[in-house]
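Student: This is the structure I want to talk about, given as structure tokens.
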Amino acid sequence: MTYCCGILVRDGLVMIADTRTNAGLDNVSTFRKLHVFEEPGRHVMALATAGNLSISQAVISTLQEGLDNPETGEKDTLVGASSMFRATQLVGRAIRHVHDLYAEGLKEADVRFDVSFLFGGQVNGGRLRLFMIYAAGNFIECTSDTPFLQIGEHKYGKPVLDRSVTYNTDLYDALKLGLISMDSTMRSNLGVGMPIDILMTRRDAGQSELNYRIEPGEPYFHDLRERWSAALRAAHNNIPRPPYR
């Protein structure tokens, strides 16, 4: 399984993804699921993946190689996109291209075409944006009313974000809450695990402020986990018992 979340607040964007991939209890591996495309001053984009690993890797490779453009005779690439919207459309095209290549064979093998993406960033001084892209290539955009999106095993981490994140949340607080959300997911689902990859960029900065991997045993994340567990126990103890008889 996988858990990825993107948080878009007034000050910037946070993207977080785990790296655990498993095909059964005895086949657990680590693969990067947060892919960063950056040219400082021009664009910073992050693409997080969930679902079938072979499909998501095929989509990433297609985006890196480029898709033929019948109008120009050239290849459209992610780093050559003129805006985040155009780049998101290209991700959708790449998904459909991979579907056309492999869907029939996957169906014969009784394997679902299961893939989804979070795609966020800023291009050419345009708006900082965050999208969720589905297996059909269609997508939705994050808004200030609900300033986060999730893919993968999202149900365990969603209550943390629902209760705490607003569009006006400080950028580093958004990162902290995203990590608490990730920890809550890892506590309840063994299919989600470390290392954890992070991308953070400020609005209009034109480059990432943080592109970091949290390894097992990393001091801050260990401290965050312990403090969050203690805070939950304290909150539970401070709430009066139900008066029901």
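Residues are named by chain letter and number: chains run A, B, ... in the order of the structure tokens, numbers start at 1 in each chain, and ligands are numbered from 1 in the order shown.
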I need the strand (DSSP E or B) residues of region 137-191 of chain A per DSSP on the backbone, written as a list in words.

Tutor: Phe139, Ile140, Glu141, Phe148, Leu149, Gln150, Ile151 and Gly152 of chain A

Student: Env of Ala94 (chain A): 8 Å cut, atoms = only C-alpha atoms, seq-sep filter 2 positions within chain, self excluded. Answer as a ChimeraX atom specification.

Tutor: /A:59,62-63,67,90-92,96-98,137

Student: Report as a PyMOL selection string: the residues of region 68-185 of chain A with a DSSP assignment of alpha helix (DSSP H), based on the backbone of this structure.

Tutor: chain A and resi 84-108+158-164+171-185

Student: Find the residues around region 171-176 of chain A up to 12 Å (only C-alpha atoms counted), leave out those fewer than 5 positions away in its own chain, and share them as a ChimeraX atom specification.

Tutor: /A:5-17,147-148,160-161,164-166,181-183,197-203,209-210,212,220-221,223-225,227-228

Student: Which of these, A:Glu38, A:Glu218, A:Asp162, A:Glu104, has the shortest distance to Asp145 (chain A) once you count only C-alpha atoms?

Tutor: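 Result for the nearest residue to Asp145 (chain A): A:Asp162.
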
Student: For CA of Asp68 (chain A) and CA of Tyr134 (chain A), determine how far apart the two atoms are, in Å to one decimal place.

Tutor: 21.5 Å

Student: Just the number, please: distance in Å from CA of Gln57 (chain A) to CA of Met45 (chain A), one decimal.

Tutor: 16.9 Å

Student: Any idea what's packed within 12 Å of region 76-80 of chain A, counting only C-alpha atoms, ignoring anything in its chain fewer than 2 positions away? Could you give it as a PyMOL selection string?

Tutor: chain A and resi 35-40+42-47+59-74+82-94+119+121-124

Student: Just how far from CA of Ile180 (chain A) is CA of Ala205 (chain A), in Å to one decimal?

Tutor: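 Between CA of Ala205 (chain A) and CA of Ile180 (chain A) the gap is 25.8 Å.
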